[in-house]
4 protein chains.
Amino acid sequence: VDVVVFGASGYSGLELLRWLARHPVVRVVAASSDALKGAPVRGRLPEWPDDLAFSAHDAALASARTGQIALLATPAKTSLDLAPALLDKGLRVIDLSGAFRLVDAALYPEWYGFPHSHPGLLSLAHYGLVEISAPNRSTRLVANPGCYATAAVLAALPLLASDLVGAGAPIVVDGKSGVTGAGRTLDESLLFAEVAESLRPYRVARHQHTPEIERALGRLAKRDVMVSFTAHLVPMRRGLIASVYAPAKPGVSQADVARALKHAHAAHAFVRVLEDRPPETGLVAYTNFAEVSATLDERARVIAAFCALDNLVKGAAGQAIENLNAMLGLDPATGLTAR
Amino acid sequence: VDVVVFGASGYSGLELLRWLARHPVVRVVAASSDALKGAPVRGRLPEWPDDLAFSAHDAALASARTGQIALLATPAKTSLDLAPALLDKGLRVIDLSGAFRLVDAALYPEWYGFPHSHPGLLSLAHYGLVEISAPNRSTRLVANPGCYATAAVLAALPLLASDLVGAGAPIVVDGKSGVTGAGRTLDESLLFAEVAESLRPYRVARHQHTPEIERALGRLAKRDVMVSFTAHLVPMRRGLIASVYAPAKPGVSQADVARALKHAHAAHAFVRVLEDRPPETGLVAYTNFAEVSATLDERARVIAAFCALDNLVKGAAGQAIENLNAMLGLDPATGLTAR
Amino acid sequence: VDVVVFGASGYSGLELLRWLARHPVVRVVAASSDALKGAPVRGRLPEWPDDLAFSAHDAALASARTGQIALLATPAKTSLDLAPALLDKGLRVIDLSGAFRLVDAALYPEWYGFPHSHPGLLSLAHYGLVEISAPNRSTRLVANPGCYATAAVLAALPLLASDLVGAGAPIVVDGKSGVTGAGRTLDESLLFAEVAESLRPYRVARHQHTPEIERALGRLAKRDVMVSFTAHLVPMRRGLIASVYAPAKPGVSQADVARALKHAHAAHAFVRVLEDRPPETGLVAYTNFAEVSATLDERARVIAAFCALDNLVKGAAGQAIENLNAMLGLDPATGLTAR
Amino acid sequence: VDVVVFGASGYSGLELLRWLARHPVVRVVAASSDALKGAPVRGRLPEWPDDLAFSAHDAALASARTGQIALLATPAKTSLDLAPALLDKGLRVIDLSGAFRLVDAALYPEWYGFPHSHPGLLSLAHYGLVEISAPNRSTRLVANPGCYATAAVLAALPLLASDLVGAGAPIVVDGKSGVTGAGRTLDESLLFAEVAESLRPYRVARHQHTPEIERALGRLAKRDVMVSFTAHLVPMRRGLIASVYAPAKPGVSQADVARALKHAHAAHAFVRVLEDRPPETGLVAYTNFAEVSATLDERARVIAAFCALDNLVKGAAGQAIENLNAMLGLDPATGLTAR
């Protein structure tokens, strides 16, 4: 299968290439990067197997062909333009930005700061959080979930699926992420000397992943779920933890919580349920695995659930390849595990 | 005033020495460290002004004299032994461990893992979170607050003091700290290669600072306050953020929250209320200042309040010197600001 | 081919497992770790494909069988005991420690601090710096090179092979490495709070990799080569740079230097010669690639040559697998590249 | 004494303010920053004692008055314009850039990339490496040394002053620095995600500090000294090590080296000679102290000398204040030590 990667020199784009290079079924025929056009992919990714050079966005778009799959690691606004053009040319599209994650176009100005230019595509788009619902051979457009959303949903999913969460209070999600989540953005606040040895919240109570978390959790709970989500920037390159604090329903015990976790993730190849320690991002870095745990705070009747993952893999490129595999009818783990 | 520092070669102990070296009224007559006894203080702290060498605990204790002040940067179990001995010798004591922070001795086995050997001292001890209540010239024993507790209380204080918090749900405190908070402990999980590029929760819902936070907030709220607190280890040396999520009372607005913050901290020399950005640990590192902000999440009716501080200064040594100043009747900022 | 990994839970051992898991020809039948015996490999390495558990050294040794290959990621002293026992049982051995790297047993007390207990094996051992000389199907014992040695030799090789280095002065090697090079050693000086935001030389002019560098360079130069080598500890997990400063022979030009680099490494699959920028460890991290460059300082008549690599891959586990491939008669890159 | 700081919001500028705030004799009357003009200094430096706001360069220049001292923490090109204007207005000037460090204007195009616009000032400028020669009450213009130059000279000074260095080979200086040395420059290569977990040489054999090192060492040696200098970027905020490799004269012993170090730095308040361990940047961070050591490699007849310092303090702002003190006839350590 021929695939085209747009935005291939950003952190998520390079991570896509790293995994696609190992994928047994896929061939990357173009990798676009306006910044690095003409430069060999191998210059940024020494293990790249051939002489492919980055091409300009326009050239990659012009060369795209029916039957190919396009992976967009571009900013949301770029994806909004690219996706319709690629769909028109007969490609199937997996978009890693937020451009097609929300169902209601009216939410875009509030959460993304711009009106949605192609609201019609929102109903076409499949929200590809694979542990909830994977795409299939006929899916044409996948909205790959946000990194924080993936972690928050994997942590909360068992609690809601087993109906352990009380409805009286919102769910608090405290997210912490390494800086690659922000992309290779030239912003003074992302300089090494500003980030190292420092820690700060950002987008307090207004992070754009909030509505996708609420929608995914609402589907699991079969009721509206309110989430208060704040993100924090941590001085590390990769890795993300979502700490989810949910009110426990009366009568729920730690045993119920443990059982719910085991049950909910039993069939999920890339989610490991931990019983003897909390999740740790370093142990899943550079892999597509997520670690989850949950503890009932009996005094406060709060369930504290945690999910650790690599924001560039399970939180972006790896999950995109899970979606790709599902669109091709392959085993979900194809190209993502050691063998 | 002559002071003796016990546990002077640990991270908090060295930080005490760093600040005491600049203090205009104080003279350090002994600095104990069993690990480094005999070595010059200057070997660990190049700016140390004289030839003082670390002495053994026993020697420092033997040389302690009535009228001096002892600062204990020792583990809780060591402080439990040292404090009574020093009080008996007529010294006044500021203890930086948790040995005297809880009023109820019965809580020690649960939260600290040992029974309290001197319960009688708990009623003598003054809990020295200076923004709530400073000691005075007659205080003999100060329990210097925990680093997480200081940050959590400084963030939540304005909300409770202005009665903005609903009673229907517990307050969630998500703490994140650099590794010096754990002391110079020889533990594989604290090696650079284990901590760098990684992030993990620890002591989920059972951190020993929980009861002191609950008690301090309860005094402010004039009712019982339930707190669910989880700490996280962040790959940095210094710095700590407490992210406090409290249910907003009906009718409370962002303007109420902003007003409460300004009002509550107006008289606190070392607390800066921020309106245009969230707190950031890097900006207060190596200072005794704390930064706080709070945002009402109108959708979820949660107040997200944040406090950033340097865990070794405002969270330990700096606040201990504020307590020292108060015990001596000095200006609270003596020795802690540029001039 | 069945392989046994000893010392499998250390940093080099885990890295061996990470790569062996992807190797198409190899099956790991035992992975020893006294510290983690009984624990599943997957607990430390989530992508591990099966249920293998760590076994005790003794058990792994007892189960070892003729025809297998043993990879030793153990300390030198442990390797000194294990290697003869395994050879006796008919296994072929690749040792990642320094136990068999020096030809002259008399050098061990000086550089390693202990007398060599099996001097007879030193002549059997093949020094497996694959760019100089790879083992073959009949090699029974490989001494996998030191991480600093690999980098220093890859940087200096072209200069000596093309006879560009003057003999009047020693070659200075200034090495800089991340902390995983030191192993998971419980040493206060390796705690995060001691390493982060700090930098220090160590083993000044007496690092144990010095004699293997001198011997390898001497073979290339066909004369004795004197090296003054000092290592530095850098606050990062992985990555190493050897900065090599060699006196230029009279008449040598930058063009000569560039030509020598291209020529010397033209056939080396895992060495990339850079002309437009110096090497950078971040770009080769988690890969088996090394980057090299060299610049003639015309004023001082010094050639400054640099090699960057990942100390755990090209500097340890990856190169061990190159040696394994050569011992099996496989393509050298088997299991080490994307495809 | 009234002082004006130009470029006050950069890393060196803020560090100047941090120390000037504690200085007993000095008052900062203006702090210029075009980027932050109008913002309170306290917003970047919480311990700042008053309400001073950053002013525009032009406004600070216009308000400058005869008898004041100007400290320039501006880029070299800006200093080239500011210094003559300030001198004309009767101020005395300490420039932290390279604009006035070289005596020969002809060297500027080669090392700095621009022709020198005020060559006449080069003979007026005093090169203020205080351990070699401090300015005095009549000095009007001080060129504060480069951070690498300070470290390299402090390491090499004893060797040259005691005539221990052979003339047959150049001195190799391998410098390693944290990122604040590069200033708060918006450059993709300085983003956290590019610097963390990476290490790279830069300005190989053509770093602009080379000529000032050569000139300072030549003065000490009383002959021409050739230096080959390469810098490396280390993933940390502050701290710098110069590793100096010099050929030992025949007959020189380790005892000679040790004696030379002790003797040369005996009178230098801020230089600590180490005999039992190499220098370590973390121990001098946030102080004006430098640590030095030197080891004779007897085999290679190379003296390996090391100096560690904080590039923003002893390598910039702290040394500038030493110069300021000398210009005012004060004790050299005024405002730079604990007491």
# chains A, B, ... in the order shown; residues from 1 in each chain; ligands from 1
call {"tool": "residues_around", "arguments": {"residues": "Gly166 in chain C", "least_positions_apart": "6", "cutoff": "8 Å", "atoms": "only C-alpha atoms", "output": "list in words"}}
result
Ala246, Pro247, Ala248, Lys249 and Pro250 of chain C
call {"tool": "write_last_selection", "arguments": {"atoms": "N, CA and C atoms", "output": "JSON list (two decimals), in the first residue's frame"}}
result
[["chain", "number", "residue", "atom", "x", "y", "z"],
["C", 246, "ALA", "N", 44.00, 15.68, 16.87],
["C", 246, "ALA", "CA", 45.24, 15.04, 16.42],
["C", 246, "ALA", "C", 46.10, 16.04, 15.66],
["C", 247, "PRO", "N", 47.42, 16.02, 15.87],
["C", 247, "PRO", "CA", 48.29, 16.93, 15.13],
["C", 247, "PRO", "C", 48.28, 16.58, 13.64],
["C", 248, "ALA", "N", 48.08, 17.59, 12.79],
["C", 248, "ALA", "CA", 48.07, 17.34, 11.34],
["C", 248, "ALA", "C", 49.49, 17.24, 10.82],
["C", 249, "LYS", "N", 49.71, 16.29, 9.95],
["C", 249, "LYS", "CA", 51.01, 16.22, 9.27],
["C", 249, "LYS", "C", 51.19, 17.47, 8.41],
["C", 250, "PRO", "N", 52.42, 17.90, 8.24],
["C", 250, "PRO", "CA", 52.64, 19.06, 7.37],
["C", 250, "PRO", "C", 52.05, 18.81, 5.98]]
call {"tool": "residues_around", "arguments": {"residues": "Ala149 in chain A", "least_positions_apart": "6", "cutoff": "7 Å", "atoms": "only C-alpha atoms", "output": "count of residues only"}}
result
3
call {"tool": "residues_around", "arguments": {"residues": "Pro235 in chain A", "least_positions_apart": "5", "cutoff": "10 Å", "atoms": "only C-alpha atoms", "output": "ChimeraX atom specification"}}
result
/A:176-179,190,192,194-200 /B:196-199,234-236 /D:192-193,196
call {"tool": "interface_residues", "arguments": {"of": "chain B", "to": "chain D", "cutoff": "10 Å", "atoms": "only C-alpha atoms", "output": "ChimeraX atom specification"}}
result
/B:18-24,43-49,196-197,270-272,274,283-291,336-339
call {"tool": "residues_around", "arguments": {"residues": "Arg215 in chain C", "least_positions_apart": "4", "cutoff": "8 Å", "atoms": "only C-alpha atoms", "output": "ChimeraX atom specification"}}
result
/C:211,219,224-225
call {"tool": "select_by_dssp", "arguments": {"residues": "range 103-326 of chain C", "states": "strand (DSSP E)", "output": "CSV table (one decimal) with C-alpha atoms, in the first residue's frame"}}
result
chain,number,residue,atom,x,y,z
C,126,HIS,CA,38.4,-11.2,19.0
C,127,TYR,CA,38.2,-7.4,19.5
C,141,LEU,CA,34.8,-15.2,22.0
C,142,VAL,CA,34.2,-11.6,21.0
C,143,ALA,CA,35.2,-8.7,23.2
C,171,ILE,CA,46.3,12.4,20.2
C,172,VAL,CA,43.9,14.0,22.7
C,173,VAL,CA,40.5,12.4,23.2
C,174,ASP,CA,37.9,14.3,25.1
C,175,GLY,CA,34.9,12.1,25.7
C,176,LYS,CA,31.4,13.2,26.8
C,177,SER,CA,28.7,10.7,27.7
C,200,ARG,CA,32.1,17.0,35.3
C,201,PRO,CA,35.2,15.3,34.1
C,202,TYR,CA,35.9,11.8,35.5
C,227,VAL,CA,46.4,8.8,23.5
C,228,SER,CA,45.5,11.1,26.4
C,229,PHE,CA,41.9,10.4,27.1
C,230,THR,CA,39.5,12.1,29.7
C,231,ALA,CA,35.8,11.4,30.0
C,232,HIS,CA,33.1,13.8,31.1
C,233,LEU,CA,29.6,13.0,32.5
C,240,LEU,CA,28.2,10.1,23.6
C,241,ILE,CA,30.6,12.2,21.6
C,242,ALA,CA,34.3,11.6,21.2
C,243,SER,CA,36.2,14.8,20.3
C,244,VAL,CA,39.5,13.7,18.9
C,245,TYR,CA,42.3,16.3,18.5
C,246,ALA,CA,45.2,15.0,16.4
C,247,PRO,CA,48.3,16.9,15.1
C,271,VAL,CA,28.7,5.3,9.9
C,272,ARG,CA,27.5,8.6,8.3
C,273,VAL,CA,30.1,11.1,7.3
C,290,ALA,CA,27.3,6.9,14.2
C,291,GLU,CA,27.9,10.3,12.8
C,292,VAL,CA,31.4,11.5,12.1
C,293,SER,CA,33.0,14.7,10.9
C,294,ALA,CA,36.5,16.2,10.9
C,295,THR,CA,37.8,19.8,10.5
C,296,LEU,CA,41.4,20.9,10.0
C,297,ASP,CA,42.2,23.8,12.3
C,302,VAL,CA,45.2,20.3,14.6
C,303,ILE,CA,42.6,18.0,13.1
C,304,ALA,CA,39.4,18.1,15.2
C,305,ALA,CA,37.4,14.9,14.5
C,306,PHE,CA,34.1,14.0,16.1
C,307,CYS,CA,32.0,11.0,16.4
C,308,ALA,CA,28.5,10.9,17.9
C,309,LEU,CA,26.6,7.7,18.8
call {"tool": "residues_around", "arguments": {"residues": "Leu14 in chain D", "least_positions_apart": "6", "cutoff": "10 Å", "atoms": "only C-alpha atoms", "output": "ChimeraX atom specification"}}
result
/D:5,7-8,20,31,41,44-45,73,312,317
call {"tool": "select_by_dssp", "arguments": {"residues": "range 159-335 of chain D", "states": "helix (DSSP H, G or I)", "output": "number ranges by chain"}}
result
D: 159-161, 179-182, 188-190, 192-195, 210-221, 254-265, 281-284, 313-327
